[in-house]
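Report on one structure; see the data block that follows.
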Amino acid sequence: MHVWALAFGCVIGWGSFVNPGKKFLPNSGVAGTTIAMVLGAMVMIIIALSYAYMVPKYPKAGGEFTFTKMCFGKTTAYICGWFLVAAYLTNVPMNSTAIGLIVDGLDGTANILKFGFHYEIAGFEVYLGEMLLSTAILILFGILNILGVKKAGIVQTILASLLVVSVVALSVTALASSKASGVNFAPIWGFDKSAAIAANATTENINEFAHSGTMGVISAILATFAIAPWAYVGFDTIPQAAEEFKFSYKKVSLIMLVAILFGCFVYSANNAVAAAALANWPDRVLLIAAEELLGVFGKLLIGIAVSCAVLSGIMGFYLASSRLMYSMARDGYLPEMFGEIDEKHGTPKNAILFCILISLSGPLLGREALGWFVDMSAIGASIGYFFTCAATLVTIKRDGDGSRFLIVMASIGVFFSTAFMVLQLVPIPGLSGVHFGKESYIMLVVWIAIGAAFYLKRVKHFRNELAG
């Protein structure tokens, strides 16, 4: 149960509650988002079969990094591991930025956190009160991870269970409300958000910018399908706890399957509730929609759901990030201090402390950067999926113990992982809102440059090891 809670808690973060208004509904609409999420879940289930095969083979922290190292060598493993750090670690500070949003959405006009020193980033005001609360929660949950995965697992299980109950209750009651309107689902395939903003479009004329025709529908679906690796990143955190739990192939498969299916339900349900309540889907739409449809009860449900999503995401990605760094440090890719295990609690304390330190940047940043971090997480996850499926094919050929079915599934996983990367990185004529924006490309280049510099600094270590 603790391991399912880890996977599900990472899959569902605050993005599933904020992105309906910021990305999903404008880019893909209700129909496009639902189709994309279902297709994404199907692909993730196929990819998860490779994880289920590889985890019992290599029950060590590091997951995809370890798989890649054993099958393709250290340089390739470093590339995989470096992008996985981006996929996991960016989710912690981004989840922390939602804490102020939750309080702001629940306290009405009280603005209890909007006090003290404040400044503006990308058009968003950041207040001292929000920074203090977010910082305290980041430190608290970091300490829980230091105390051990099983103690953290108890908290994670409670949060994940509350998240499921509150989302199910919200979906059933909200969609059954007399205030819910199917009319608000239009445009069902989304619209060109940039053009609509430039033209100062309103609810009355938003259909003028709606996606239409075959290419419009394909663009709508692919815009959300392309970031499915980000949406479902988290089911693959299970290998990071492989040294602290014992897994069989069937157990890993079941845990991942349930986490992915629950994730698909939450994304689709949140989208439907948001669209049913409000026309034109403004930002912070789900917080507003819940109150519009159900009053104070809806506000309470969405408050519980978002709080659990944010906190379980912080907890889970702390674990995944720190275990990955521990595994990389153990092999000499990162400073040795990150590979040290705390004698009392048996956890990589220094790696967790580093993750806490990096994550404290989150409360200092504005929420408008969410989309950029979504893109970085998506490309990092796609690379991890690609190498895991490829490593599965290599391992099956070497050990001769895989079924023909698994070979086919791993091959499909390689194909779709590649497709995700192409959709994210390559502008395709006729498809709008699918590939990275300018800021995301800049972040990617910077991340690659930092990784290259760090690798060059450590490459002497590997040459000496090979010579020895």
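Residue numbering restarts at 1 for every chain of the structure tokens, chains are lettered A, B, ... in their displayed order, and ligands are numbered from 1 as they appear.
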
Please identify every residue of stretch 346-457 of chain A that has at least one atom no farther than 8 Å from an atom of stretch 61-67 of chain A, counting only C-alpha atoms, and for each give the shortest atom pair and the distance in Å to one decimal, arranged by chain then increasing number, as a tab-separated table.
```
residue	atom	partner	partner_atom	distance
A:Gly384	CA	A:Glu64	CA	5.9
A:Tyr385	CA	A:Glu64	CA	7.7
A:Phe387	CA	A:Glu64	CA	6.9
A:Thr388	CA	A:Glu64	CA	5.6
A:Ala391	CA	A:Phe67	CA	6.2
```

Would you save the residues of that selection, restricted to C-alpha atoms, as an mmCIF file, in the first residue's frame?
```cif
data_model
loop_
_atom_site.group_PDB
_atom_site.id
_atom_site.type_symbol
_atom_site.label_atom_id
_atom_site.label_comp_id
_atom_site.auth_asym_id
_atom_site.auth_seq_id
_atom_site.Cartn_x
_atom_site.Cartn_y
_atom_site.Cartn_z
ATOM 1 C CA GLY A 384 13.916 7.525 -18.913
ATOM 2 C CA TYR A 385 11.077 5.562 -20.518
ATOM 3 C CA PHE A 387 16.133 3.680 -22.017
ATOM 4 C CA THR A 388 14.087 1.409 -19.746
ATOM 5 C CA ALA A 391 17.242 -2.020 -21.702
#
```

Can you list, as a tab-separated table (two decimals) with N, CA and C atoms, in the first residue's frame, every protein, DNA or RNA residue that comes within 7 Å of A:Gly190 when you count only C-alpha atoms, leaving out same-chain residues fewer than 5 positions away?
```tsv
chain	number	residue	atom	x	y	z
A	25	LEU	N	-7.53	22.46	-21.14
A	25	LEU	CA	-8.77	22.88	-21.77
A	25	LEU	C	-8.54	23.87	-22.92
A	26	PRO	N	-7.70	24.87	-22.77
A	26	PRO	CA	-7.45	25.75	-23.92
A	26	PRO	C	-6.82	25.02	-25.10
A	27	ASN	N	-5.83	24.18	-24.84
A	27	ASN	CA	-5.11	23.51	-25.93
A	27	ASN	C	-5.88	22.35	-26.55
A	28	SER	N	-6.63	21.61	-25.71
A	28	SER	CA	-7.23	20.36	-26.18
A	28	SER	C	-8.73	20.24	-25.96
A	29	GLY	N	-9.30	21.09	-25.10
A	29	GLY	CA	-10.72	20.99	-24.81
A	29	GLY	C	-11.03	19.75	-23.98
A	210	ALA	N	-11.66	28.35	-32.14
A	210	ALA	CA	-11.69	26.93	-31.80
A	210	ALA	C	-10.93	26.08	-32.81
A	211	HIS	N	-10.31	25.00	-32.32
A	211	HIS	CA	-9.68	24.04	-33.21
A	211	HIS	C	-10.77	23.31	-33.99
A	220	ALA	N	-5.23	19.20	-31.22
A	220	ALA	CA	-5.83	19.25	-29.88
A	220	ALA	C	-5.42	18.03	-29.05
```

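Ranking A:Ala169, A:Leu423, A:Ala110, A:Cys389 by their shortest atom-to-atom distance to A:Ile407, with only C-alpha atoms included, puts A:Cys389 first.
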
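Candidate residues A:Gly129, A:Gly32, A:Gly123, A:Gly234 were compared for distance to A:Phe317, and the nearest is A:Gly234, using only C-alpha atoms.
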
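The space separating atom CA of A:Thr34 from atom CA of A:Ser268 comes to 5.5 Å.
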
Write out as an mmCIF file with C-alpha atoms, in the first residue's frame the residues lying within 9 Å of A:Ala272, counting only C-alpha atoms and excluding same-chain residues fewer than 3 positions away.
```cif
data_model
loop_
_atom_site.group_PDB
_atom_site.id
_atom_site.type_symbol
_atom_site.label_atom_id
_atom_site.label_comp_id
_atom_site.auth_asym_id
_atom_site.auth_seq_id
_atom_site.Cartn_x
_atom_site.Cartn_y
_atom_site.Cartn_z
ATOM 1 C CA PRO A 20 -7.115 22.362 -16.767
ATOM 2 C CA VAL A 30 -12.704 18.406 -22.859
ATOM 3 C CA THR A 34 -9.858 13.002 -22.274
ATOM 4 C CA SER A 171 -16.515 14.445 -9.365
ATOM 5 C CA LEU A 175 -21.192 16.653 -12.250
ATOM 6 C CA PHE A 185 -17.820 22.079 -22.625
ATOM 7 C CA TYR A 267 -6.939 14.106 -14.785
ATOM 8 C CA SER A 268 -10.104 13.421 -16.790
ATOM 9 C CA ALA A 269 -12.451 14.073 -13.868
ATOM 10 C CA ALA A 275 -15.401 22.761 -17.851
ATOM 11 C CA ALA A 276 -18.902 21.966 -16.573
ATOM 12 C CA ALA A 277 -18.894 24.857 -14.138
#
```

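Counting only C-alpha atoms, A:Ala231 has the following residues at most 10 Å away, ignoring those fewer than 6 positions along the same chain: Cys10, Val11, Ile12, Gly13, Gly15, Ser16, Met37, Gly40, Ala41, Thr224, Phe225, Ile260, Gly263, Cys264, Tyr267, Val374, Ser377, Ala378 and Ala381 of chain A.
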
For C-alpha atoms, I'd like the residues from the last selection saved as a compact mmCIF listing (two decimals), in the first residue's frame.
```
# COMPACT_ATOMS: atom_id res chain seq x y z
CA CYS A 10 3.79 11.40 -7.58
CA VAL A 11 1.51 10.95 -10.61
CA ILE A 12 -1.07 13.39 -9.23
CA GLY A 13 0.43 16.72 -8.21
CA GLY A 15 -0.62 20.41 -11.99
CA SER A 16 -3.65 18.14 -12.36
CA MET A 37 -5.14 11.13 -21.24
CA GLY A 40 -1.36 8.36 -22.62
CA ALA A 41 -2.44 5.91 -19.90
CA THR A 224 -1.84 17.10 -24.32
CA PHE A 225 -0.65 13.64 -25.42
CA ILE A 260 -1.74 4.89 -13.79
CA GLY A 263 -4.12 9.04 -12.43
CA CYS A 264 -6.05 8.91 -15.71
CA TYR A 267 -6.94 14.11 -14.78
CA VAL A 374 6.18 20.68 -17.12
CA SER A 377 9.83 17.03 -16.63
CA ALA A 378 8.21 15.60 -19.76
CA ALA A 381 10.63 11.25 -18.24
```

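Comparing A:Ile379, A:Met94, A:Ile99, A:Ile428 by their smallest distance to A:Pro229, the closest is A:Ile379 (using only C-alpha atoms).
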
Distance query A:Val103 at most 9 Å, only C-alpha atoms, self and fewer than 6 positions along chain excluded, as a ChimeraX atom specification: /A:111-113,130,303

May I have the residues from that selection written out with C-alpha atoms, as a PDB file, in the first residue's frame?
```
ATOM      1  CA  ASN A 111      -5.467  37.127   1.942  1.00  0.00           C
ATOM      2  CA  ILE A 112      -3.893  35.795   5.136  1.00  0.00           C
ATOM      3  CA  LEU A 113      -0.570  34.974   3.448  1.00  0.00           C
ATOM      4  CA  GLU A 130       3.558  32.417   1.089  1.00  0.00           C
ATOM      5  CA  GLY A 303      -8.995  22.091  -0.655  1.00  0.00           C
TER       6      GLY A 303
END
```

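Proximity ranking of A:Phe235, A:Trp189, A:Phe117, A:Tyr53 relative to A:Leu222 places A:Trp189 first, based on only C-alpha atoms.
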
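For the choices A:Met70, A:Leu39, A:Phe191, A:Ala48, the atom-to-atom distance to A:Ser212 is smallest for A:Phe191 when using only C-alpha atoms.
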
Distance criterion (only C-alpha atoms): nearest to A:Gly413 out of A:Trp372, A:Tyr51, A:Thr109, A:Ala274: A:Tyr51

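Take atom CA of A:Tyr318 and atom CA of A:Ala77: the distance between them is 20.9 Å.
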
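The shell of residues at most 8 Å from stretch 393-406 of chain A, with only C-alpha atoms counted and near chain neighbours (fewer than 4 positions) removed, consists of Leu49, Ser50, Cys71, Cys389, Ala410 and Ser411 of chain A.
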
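One finds atom CA of A:Ala419 at 24.0 Å from atom CA of A:Ala449.
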
12 Å contact set for A:Glu343, only C-alpha atoms, chain neighbours under 6 positions out, as JSON, numbers by chain: {"A": [146, 147, 148, 349]}

Just-selected residues, N, CA and C atoms written as a PDB file, in the first residue's frame:
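Okay, this is what ended up in again_26.pdb:
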```pdb
ATOM      1  N   ILE A 146      14.086  11.799   5.552  1.00  0.00           N
ATOM      2  CA  ILE A 146      15.319  11.407   6.220  1.00  0.00           C
ATOM      3  C   ILE A 146      15.049  10.346   7.283  1.00  0.00           C
ATOM      4  N   LEU A 147      13.907  10.422   7.927  1.00  0.00           N
ATOM      5  CA  LEU A 147      13.562   9.479   8.995  1.00  0.00           C
ATOM      6  C   LEU A 147      13.290   8.070   8.485  1.00  0.00           C
ATOM      7  N   GLY A 148      13.173   7.902   7.169  1.00  0.00           N
ATOM      8  CA  GLY A 148      13.011   6.559   6.616  1.00  0.00           C
ATOM      9  C   GLY A 148      11.812   6.440   5.712  1.00  0.00           C
ATOM     10  N   LYS A 349      20.911  10.731   3.564  1.00  0.00           N
ATOM     11  CA  LYS A 349      20.616  12.008   4.215  1.00  0.00           C
ATOM     12  C   LYS A 349      21.144  13.209   3.432  1.00  0.00           C
TER      13      LYS A 349
END
```

Every residue of stretch 297-451 of chain A that DSSP places in helix (DSSP H, G or I), as a PyMOL selection string: chain A and resi 297-330+336-339+349-359+362-364+367-399+404-425+438-451
